[in-house]
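A.B. asks: Encoded as structure tokens, here's the structure I'll be asking about.
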Amino acid sequence: MLSEPRSGRLTAWGNALLSGYVSPDDAVLAVVGEDAVHRVEGLPGESGPVGLTLALGRLRTLGVTALRVALPVPGHPLGLSGPPEFNARALEAEEAVICHGAAFGLVPLVHEAGPEGDVHTEVVWHVLPARQAPPADVPSLGEAERELAEALREATEALTRLDVAGSGPVARAAIDAYRARAEEGKSREALAPGYPPRAARVLELARRVGLLVSLAHENGHGGAVSAFEMGARGEVLRMVERTARRARVAAYNSVVEEREKGVR
């Protein structure tokens, strides 16, 4: 929940490229990030894997006008629209990119090798048929912002009553360090050029909520003692995590949302 999903990076910077806000080189550099290399396999017209620059250009010629992200988990097919094979692959990876304007989707397969601290990461994006249909359970950006603020408020109250709200000096230090990085502008750029400021704000809030959820999980059962309290705590954290994932998807997909509304 804390790290930016690769599908999010591909969606955001792919949209920036498709909209003419960035060059292909800048887009690919941002998508690859700290990974060693990204390749795309199964692209129509290609017999084998190709580089990300070529793949993005080819997708444009195939009719792709924008990209959406999906972040599904078991029991919650967030952002998916079918068919079953694509959904199954996306669910296994817990992320995917869905093309807007052409019936394709991309699911990443990550290969890692090397010792801790010197891991070599390669990513192969598999192109699969994807249905052009409204994605599952994705709110509008406005709905996501309201839901996230409400969920955060309710969760804070509930966890405080249970005395499990990420308390302790280590948790407070982690939160303070995160806020300092954000305030000093040292954290990663939330989104790519061309996204509305509201989308960046929603994504940043979702990330902060993800930090709090992770800290709460690291804190074990916190102050919850009885089985009822532990169950209540777990339910609160699941609700907040689900809401935060919905908000992240809404932020990444806001470019398509605005286009469909006729804003762009």
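Every chain in the structure tokens takes a letter, A first, then B, and so on in the order presented; its residues are numbered from 1, and the ligands are numbered from 1 following the presented order.
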Contacts of region 114-125 of chain A at 6 Å or less, counting only C-alpha atoms, minus same-chain residues fewer than 4 places along, as a VMD selection string?
C.D. replies: chain A and resid 35 to 40 106 to 110
A.B. asks: Please indicate the distance in Å from CA of Thr61 (chain A) to CA of Ala133 (chain A), rounded to one decimal place.
C.D. replies: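 Between CA of Thr61 (chain A) and CA of Ala133 (chain A) the gap works out to 20.9 Å.
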A.B. asks: Please provide the set of residues having any atom within 12 Å of Asn87 (chain A), restricted to only C-alpha atoms, with same-chain residues fewer than 6 positions apart removed, written as a ChimeraX atom specification.
C.D. replies: /A:70-74,76-81,93-98,105-107,128-131,135-136
A.B. asks: Would you mind reading off the distance between CA of Arg208 (chain A) and CA of Arg146 (chain A), one decimal, in Å?
C.D. replies: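 CA of Arg208 (chain A) sits 15.3 Å away from CA of Arg146 (chain A).
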A.B. asks: Of the candidates A:Val64, A:Val127, A:Leu237, A:Val256, which one gets nearest to Glu41 (chain A) if we count only C-alpha atoms?
C.D. replies: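 For Glu41 (chain A), the nearest of the given residues is A:Val127.
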A.B. asks: Residues of region 71-172 of chain A in alpha helix (DSSP H) according to DSSP, as a ChimeraX atom specification?
C.D. replies: /A:84-93,141-162,169-172
A.B. asks: So how far away is CA of Glu145 (chain A) from CA of Arg198 (chain A), in Å?
C.D. replies: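 Between CA of Arg198 (chain A) and CA of Glu145 (chain A) the gap is 8.7 Å.
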A.B. asks: Give the answer as one residue: which of A:Leu212, A:Leu62, A:Val69, A:Met239 has the shortest atom-to-atom distance to Ala90 (chain A), using only C-alpha atoms?
C.D. replies: A:Val69
